[in-house]
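Asker: Sending over a structure as structure tokens; questions will come in a sec.
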Amino acid sequence: MHVAAEYRQASLYVGDLHADVSEDLLFKKFSAVRPVLSICICRDLVTCRSLGYAYVNFLQLEDAQKALDTMNFDPIKGKSICLMWSQRDAYLRTSGIGNVFIKNLDKSIDNKTLYEHFSSFGKILSSKVMSDDHGSRCYAFVHFQNQTATDRAIQEMNGALLKDCRLFVGRFKSHKDREAKLQNKASEFTNVYIKNLGDDMDDERLRQVFSKYGKTLSVKVMTDSSGKSKGFLSFDSHEAAKKAAEEMNGKDINGQLLFVGRAQKKAERQAELKQMSEQLKQERFWQCRGAKLYIKNLDETTDDEKLRREFSSFGSISRVKVTQEER
DNA sequence: CATGAGCGA
């Protein structure tokens, strides 16, 4: 539908729409508040399924403003809609400037409460309390229109109490930024994980064994369900932890090879295991598929190892065999 | 403990 230029600025973007919401339903909902010029739910061209967002065009700017002020986060078909001014400039939406991350929210803080609290610092482009089936996940985002509002919100709300919860409020960091920081932190680890400890190990003995590398802050030996013992040990410096790992890892203790390495967070370890299992699955898949290449005209100096090296950048290789021609 | 996702006719 064509909307004349003079009405374009009275357009709201409606996000987080339930897939079953129809134009009709949206029209009823919005025109109950202010007169609506037109509605457009964006749909897949082929399947006509809703893409989960729509435009609501009003005749007057004040009408759009009124809808934005009173209807944001209203549930439709059980799902909270997310209202914003239509902003076609993708950079302004996603550059991350003015975007604030909030964590340690009280479970009872909902979208509207959050919005009300933070709109005192300046104009909000969008905000959202992250949630799942169990309700709030206790963290949120608020995207301010300008940097001063962002700075003030962080200045005043970081560390402040909201419903007995001390908030963390900081600038939003993209996945990439966060990853880099975590990597950095991981490279300066002070906690070590120790595996294959043998049977007769306890906290005190483990501390003694490792104390020569530096001051230990905490030691914990645990036994898993199969009776194997493992432990965590934290040092007061990265140097000590690093040295302990370097010197003790792989050490033969009563015929068992000790493992000593950087202690990972549970989520990190699980992610690693998952990745390993997926790689294994992938390898098996290709093995079954028998993705075999036949290569001829190799020169005489090419052996299994060289051929493997040459092809290793294309993916994991399960088997390489160079056959020698009879002379 | 936590760092999103979104722009048409």
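To be explicit about the labels: the chains of the structure tokens are called A, B, and onward in the order shown, and within each one the residues are counted from 1, while ligands get numbers from 1 in the order they are shown.
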Under the rule of at most 6 Å, produce a per-residue listing of chain B near chain A: chain, number, name, the closest pair of atoms, and the distance in Å, as JSON lines, using only C-alpha atoms (C1' of nucleotides).
Answerer:
```
{"residue": "B:DT3", "atom": "C1'", "partner": "A:Lys173", "partner_atom": "CA", "distance": 5.3}
{"residue": "B:DC7", "atom": "C1'", "partner": "A:Arg88", "partner_atom": "CA", "distance": 5.3}
{"residue": "B:DA9", "atom": "C1'", "partner": "A:Met1", "partner_atom": "CA", "distance": 4.4}
```
Asker: Give me, as a ChimeraX atom specification, the residues of segment 251-315 of chain A that a backbone DSSP run labels alpha helix (DSSP H).
Answerer: /A:266-289,304-311
Asker: Limited to N, CA and C atoms, could you put the picked residues into a file as a short mmCIF file (atom, residue, chain, number, x, y, z; two decimals), in the first residue's frame?
Answerer:
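Dumped to out09.cif:
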```
data_model
loop_
_atom_site.label_atom_id
_atom_site.label_comp_id
_atom_site.auth_asym_id
_atom_site.auth_seq_id
_atom_site.Cartn_x
_atom_site.Cartn_y
_atom_site.Cartn_z
N LYS A 266 31.84 -23.58 33.77
CA LYS A 266 31.01 -24.71 33.36
C LYS A 266 30.48 -24.51 31.93
N ALA A 267 29.97 -23.32 31.66
CA ALA A 267 29.38 -23.04 30.34
C ALA A 267 30.43 -23.18 29.25
N GLU A 268 31.64 -22.72 29.57
CA GLU A 268 32.72 -22.77 28.58
C GLU A 268 33.09 -24.21 28.28
N ARG A 269 33.20 -25.01 29.36
CA ARG A 269 33.54 -26.43 29.21
C ARG A 269 32.46 -27.15 28.40
N GLN A 270 31.21 -26.85 28.73
CA GLN A 270 30.11 -27.51 28.03
C GLN A 270 30.12 -27.14 26.55
N ALA A 271 30.41 -25.88 26.27
CA ALA A 271 30.47 -25.43 24.89
C ALA A 271 31.58 -26.17 24.15
N GLU A 272 32.70 -26.36 24.84
CA GLU A 272 33.83 -27.06 24.23
C GLU A 272 33.46 -28.51 23.93
N LEU A 273 32.84 -29.17 24.92
CA LEU A 273 32.45 -30.57 24.72
C LEU A 273 31.48 -30.70 23.57
N LYS A 274 30.56 -29.74 23.51
CA LYS A 274 29.56 -29.77 22.45
C LYS A 274 30.23 -29.63 21.08
N GLN A 275 31.16 -28.70 21.02
CA GLN A 275 31.85 -28.48 19.75
C GLN A 275 32.63 -29.72 19.34
N MET A 276 33.28 -30.36 20.34
CA MET A 276 34.05 -31.56 20.04
C MET A 276 33.15 -32.68 19.51
N SER A 277 32.00 -32.80 20.17
CA SER A 277 31.10 -33.89 19.75
C SER A 277 30.53 -33.61 18.37
N GLU A 278 30.33 -32.31 18.08
CA GLU A 278 29.81 -31.99 16.76
C GLU A 278 30.84 -32.24 15.66
N GLN A 279 32.08 -31.96 16.00
CA GLN A 279 33.14 -32.20 15.03
C GLN A 279 33.27 -33.70 14.74
N LEU A 280 33.18 -34.48 15.83
CA LEU A 280 33.25 -35.93 15.68
C LEU A 280 32.12 -36.44 14.80
N LYS A 281 30.95 -35.89 15.04
CA LYS A 281 29.77 -36.28 14.26
C LYS A 281 30.01 -35.98 12.78
N GLN A 282 30.52 -34.78 12.56
CA GLN A 282 30.81 -34.32 11.21
C GLN A 282 31.81 -35.26 10.52
N GLU A 283 32.86 -35.65 11.26
CA GLU A 283 33.87 -36.55 10.70
C GLU A 283 33.26 -37.89 10.34
N ARG A 284 32.44 -38.39 11.25
CA ARG A 284 31.79 -39.69 10.99
C ARG A 284 30.89 -39.61 9.77
N PHE A 285 30.21 -38.48 9.68
CA PHE A 285 29.32 -38.27 8.54
C PHE A 285 30.10 -38.41 7.23
N TRP A 286 31.24 -37.72 7.18
CA TRP A 286 32.01 -37.76 5.94
C TRP A 286 32.63 -39.13 5.70
N GLN A 287 32.98 -39.80 6.84
CA GLN A 287 33.50 -41.16 6.71
C GLN A 287 32.45 -42.06 6.07
N CYS A 288 31.22 -41.94 6.58
CA CYS A 288 30.13 -42.76 6.03
C CYS A 288 29.88 -42.41 4.58
N ARG A 289 29.92 -41.12 4.31
CA ARG A 289 29.66 -40.68 2.95
C ARG A 289 30.75 -41.13 1.99
N ASP A 304 52.32 -39.81 2.35
CA ASP A 304 51.05 -39.64 3.07
C ASP A 304 51.01 -38.31 3.83
N GLU A 305 52.08 -38.06 4.55
CA GLU A 305 52.11 -36.88 5.41
C GLU A 305 52.03 -35.57 4.62
N LYS A 306 52.79 -35.53 3.54
CA LYS A 306 52.83 -34.32 2.72
C LYS A 306 51.45 -34.05 2.10
N LEU A 307 50.86 -35.12 1.61
CA LEU A 307 49.55 -34.99 0.97
C LEU A 307 48.51 -34.51 1.99
N ARG A 308 48.60 -35.07 3.19
CA ARG A 308 47.67 -34.67 4.24
C ARG A 308 47.82 -33.18 4.54
N ARG A 309 49.08 -32.74 4.65
CA ARG A 309 49.33 -31.33 4.92
C ARG A 309 48.72 -30.44 3.85
N GLU A 310 48.92 -30.84 2.61
CA GLU A 310 48.44 -30.04 1.49
C GLU A 310 46.92 -29.85 1.52
N PHE A 311 46.23 -30.91 1.99
CA PHE A 311 44.76 -30.88 1.94
C PHE A 311 44.12 -30.50 3.26
#
```
Asker: Please run DSSP on the backbone and report, as a PyMOL selection string, all residues within segment 69-216 of chain A that come out as strand (DSSP E).
Answerer: chain A and resi 75-76+79-80+82-85+99-103+124-132+135-144+161-162+165-166+168-171+191-195+216
Asker: Take the residues from that selection and put them in a file with N, CA and C atoms, as a tab-separated table (two decimals), in the first residue's frame.
Answerer:
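The file below, part-v8.tsv, is the result:
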```tsv
chain	number	residue	atom	x	y	z
A	75	PRO	N	0.35	-7.02	25.38
A	75	PRO	CA	0.36	-8.36	24.76
A	75	PRO	C	-0.74	-8.49	23.70
A	76	ILE	N	-0.37	-9.11	22.58
A	76	ILE	CA	-1.37	-9.51	21.59
A	76	ILE	C	-1.18	-10.99	21.35
A	79	LYS	N	1.64	-12.33	23.43
A	79	LYS	CA	3.03	-11.92	23.23
A	79	LYS	C	3.15	-10.40	23.28
A	80	SER	N	4.10	-9.92	24.09
A	80	SER	CA	4.27	-8.47	24.22
A	80	SER	C	4.80	-7.86	22.93
A	82	CYS	N	6.43	-4.84	20.64
A	82	CYS	CA	7.52	-3.91	20.88
A	82	CYS	C	7.36	-2.76	19.90
A	83	LEU	N	7.04	-1.58	20.44
A	83	LEU	CA	6.78	-0.43	19.56
A	83	LEU	C	7.98	0.50	19.46
A	84	MET	N	8.23	0.95	18.24
A	84	MET	CA	9.31	1.92	18.00
A	84	MET	C	8.88	2.82	16.86
A	85	TRP	N	9.51	3.99	16.79
A	85	TRP	CA	9.34	4.79	15.59
A	85	TRP	C	9.95	4.03	14.42
A	99	ASN	N	23.29	2.20	23.48
A	99	ASN	CA	22.65	0.98	23.96
A	99	ASN	C	23.25	0.56	25.31
A	100	VAL	N	22.36	0.28	26.24
A	100	VAL	CA	22.79	-0.01	27.61
A	100	VAL	C	22.35	-1.41	28.02
A	101	PHE	N	23.21	-2.09	28.73
A	101	PHE	CA	22.91	-3.44	29.22
A	101	PHE	C	22.69	-3.37	30.73
A	102	ILE	N	21.65	-4.05	31.18
A	102	ILE	CA	21.30	-4.04	32.61
A	102	ILE	C	21.16	-5.46	33.10
A	103	LYS	N	21.83	-5.79	34.21
A	103	LYS	CA	21.61	-7.13	34.76
A	103	LYS	C	21.35	-7.08	36.25
A	124	ILE	N	14.09	7.13	24.92
A	124	ILE	CA	14.42	5.73	24.67
A	124	ILE	C	13.93	5.33	23.28
A	125	LEU	N	14.81	4.74	22.50
A	125	LEU	CA	14.42	4.25	21.17
A	125	LEU	C	13.76	2.89	21.29
A	126	SER	N	14.32	2.05	22.14
A	126	SER	CA	13.73	0.74	22.39
A	126	SER	C	14.27	0.20	23.69
A	127	SER	N	13.51	-0.71	24.29
A	127	SER	CA	13.99	-1.37	25.50
A	127	SER	C	13.33	-2.72	25.60
A	128	LYS	N	13.96	-3.60	26.35
A	128	LYS	CA	13.39	-4.93	26.49
A	128	LYS	C	13.96	-5.67	27.68
A	129	VAL	N	13.08	-6.23	28.49
A	129	VAL	CA	13.51	-7.14	29.54
A	129	VAL	C	13.51	-8.53	28.91
A	130	MET	N	14.63	-9.21	28.94
A	130	MET	CA	14.69	-10.53	28.32
A	130	MET	C	13.91	-11.51	29.19
A	131	SER	N	13.17	-12.39	28.52
A	131	SER	CA	12.33	-13.31	29.29
A	131	SER	C	12.23	-14.65	28.58
A	132	ASP	N	11.76	-15.64	29.32
A	132	ASP	CA	11.46	-16.96	28.74
A	132	ASP	C	10.16	-17.46	29.36
A	135	GLY	N	9.34	-16.40	32.83
A	135	GLY	CA	9.27	-14.98	33.16
A	135	GLY	C	10.59	-14.28	32.88
A	136	SER	N	10.82	-13.20	33.60
A	136	SER	CA	12.02	-12.39	33.36
A	136	SER	C	13.30	-13.19	33.55
A	137	ARG	N	14.25	-12.94	32.67
A	137	ARG	CA	15.56	-13.56	32.86
A	137	ARG	C	16.49	-12.61	33.61
A	138	CYS	N	15.89	-11.54	34.11
A	138	CYS	CA	16.59	-10.62	35.02
A	138	CYS	C	17.72	-9.83	34.37
A	139	TYR	N	17.67	-9.69	33.06
A	139	TYR	CA	18.56	-8.73	32.42
A	139	TYR	C	17.83	-8.06	31.27
A	140	ALA	N	18.33	-6.93	30.84
A	140	ALA	CA	17.56	-6.11	29.90
A	140	ALA	C	18.46	-5.20	29.08
A	141	PHE	N	17.86	-4.59	28.08
A	141	PHE	CA	18.55	-3.60	27.26
A	141	PHE	C	17.71	-2.34	27.17
A	142	VAL	N	18.39	-1.22	27.20
A	142	VAL	CA	17.70	0.05	26.94
A	142	VAL	C	18.54	0.81	25.92
A	143	HIS	N	17.94	1.12	24.80
A	143	HIS	CA	18.65	1.85	23.75
A	143	HIS	C	18.20	3.30	23.79
A	144	PHE	N	19.11	4.17	24.22
A	144	PHE	CA	18.80	5.61	24.29
A	144	PHE	C	19.11	6.29	22.97
A	161	LEU	N	20.07	0.40	43.86
A	161	LEU	CA	19.11	-0.63	44.24
A	161	LEU	C	17.79	-0.41	43.52
A	162	LEU	N	17.26	-1.49	42.96
A	162	LEU	CA	15.92	-1.44	42.40
A	162	LEU	C	15.19	-2.67	42.91
A	165	CYS	N	17.38	-5.25	44.52
A	165	CYS	CA	18.45	-5.86	43.72
A	165	CYS	C	19.43	-4.77	43.28
A	166	ARG	N	20.71	-5.03	43.51
A	166	ARG	CA	21.72	-4.06	43.11
A	166	ARG	C	22.01	-4.26	41.62
A	168	PHE	N	23.48	-3.94	37.81
A	168	PHE	CA	24.63	-3.60	37.00
A	168	PHE	C	24.09	-2.89	35.76
A	169	VAL	N	24.61	-1.72	35.49
A	169	VAL	CA	24.22	-1.00	34.28
A	169	VAL	C	25.49	-0.55	33.57
A	170	GLY	N	25.65	-0.97	32.33
A	170	GLY	CA	26.85	-0.60	31.59
A	170	GLY	C	26.55	-0.51	30.11
A	171	ARG	N	27.52	-0.04	29.37
A	171	ARG	CA	27.33	0.03	27.92
A	171	ARG	C	27.17	-1.36	27.35
A	191	ASN	N	42.97	-19.63	38.22
A	191	ASN	CA	42.39	-20.89	38.71
A	191	ASN	C	42.84	-22.05	37.84
A	192	VAL	N	43.27	-23.12	38.46
A	192	VAL	CA	43.65	-24.31	37.68
A	192	VAL	C	42.75	-25.49	38.02
A	193	TYR	N	42.62	-26.33	37.02
A	193	TYR	CA	41.82	-27.56	37.16
A	193	TYR	C	42.79	-28.72	37.11
A	194	ILE	N	42.63	-29.67	38.01
A	194	ILE	CA	43.56	-30.80	38.11
A	194	ILE	C	42.78	-32.11	38.04
A	195	LYS	N	43.25	-32.98	37.17
A	195	LYS	CA	42.55	-34.26	36.95
A	195	LYS	C	43.54	-35.40	37.13
A	216	THR	N	48.33	-20.07	47.53
A	216	THR	CA	47.04	-20.60	47.07
A	216	THR	C	45.92	-19.97	47.88
```
Asker: Mind giving me the straight-line distance from atom CA of Asp202 of chain A to atom CA of Ser237 of chain A in Å, one decimal?
Answerer: 22.6 Å
Asker: So which residues touch segment 209-212 of chain A within 9 Å, counting only C-alpha atoms (C1' of nucleotides), skipping near sequence neighbours fewer than 2 positions away, as a compact mmCIF listing (two decimals) with C-alpha atoms, in the first residue's frame?
Answerer:
```
# COMPACT_ATOMS: atom_id res chain seq x y z
CA GLU A 204 45.58 -30.16 52.34
CA ARG A 205 47.89 -32.51 50.43
CA LEU A 206 47.00 -30.88 47.13
CA ARG A 207 47.77 -27.49 48.58
CA GLY A 214 52.79 -19.46 44.80
CA LYS A 215 50.21 -18.55 47.40
CA THR A 216 47.04 -20.60 47.07
CA LEU A 233 42.98 -24.65 42.98
CA ALA A 240 51.90 -18.91 39.77
CA ALA A 244 51.92 -24.73 38.04
CA MET A 248 52.75 -30.19 36.64
```
Asker: Taking only C-alpha atoms (C1' of nucleotides) into account, which of A:Gly122, A:Gly227, A:Gly96, A:Gly78 comes nearest DG4 of chain B?
Answerer: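 For DG4 of chain B, the nearest of the candidates is A:Gly96.
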Asker: So the first atom is atom CA of Asn146 of chain A and the second is atom CA of Asp63 of chain A; what is the distance between them in Å, to one decimal place?
Answerer: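 Computing the Euclidean distance for atom CA of Asn146 of chain A and atom CA of Asp63 of chain A yields 23.9 Å.
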Asker: Suppose you want the space between atom CA of Leu37 of chain A and atom CA of Ser22 of chain A; what is it in Å?
Answerer: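 The value is 16.0 Å.
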Asker: Which one of A:Asn184, A:Glu23, A:Leu105, A:Lys66 sits closest to DA2 of chain B if you count only C-alpha atoms (C1' of nucleotides)?
Answerer: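 So, comparing all the options, the nearest one is A:Leu105.
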Asker: Might you pull out every residue within 7 Å of Lys220 of chain A, with only C-alpha atoms (C1' of nucleotides) counted and same-chain residues fewer than 4 positions away left off, and present them as a list in words?
Answerer: Asp203, Gly231, Phe232 and Leu233 of chain A
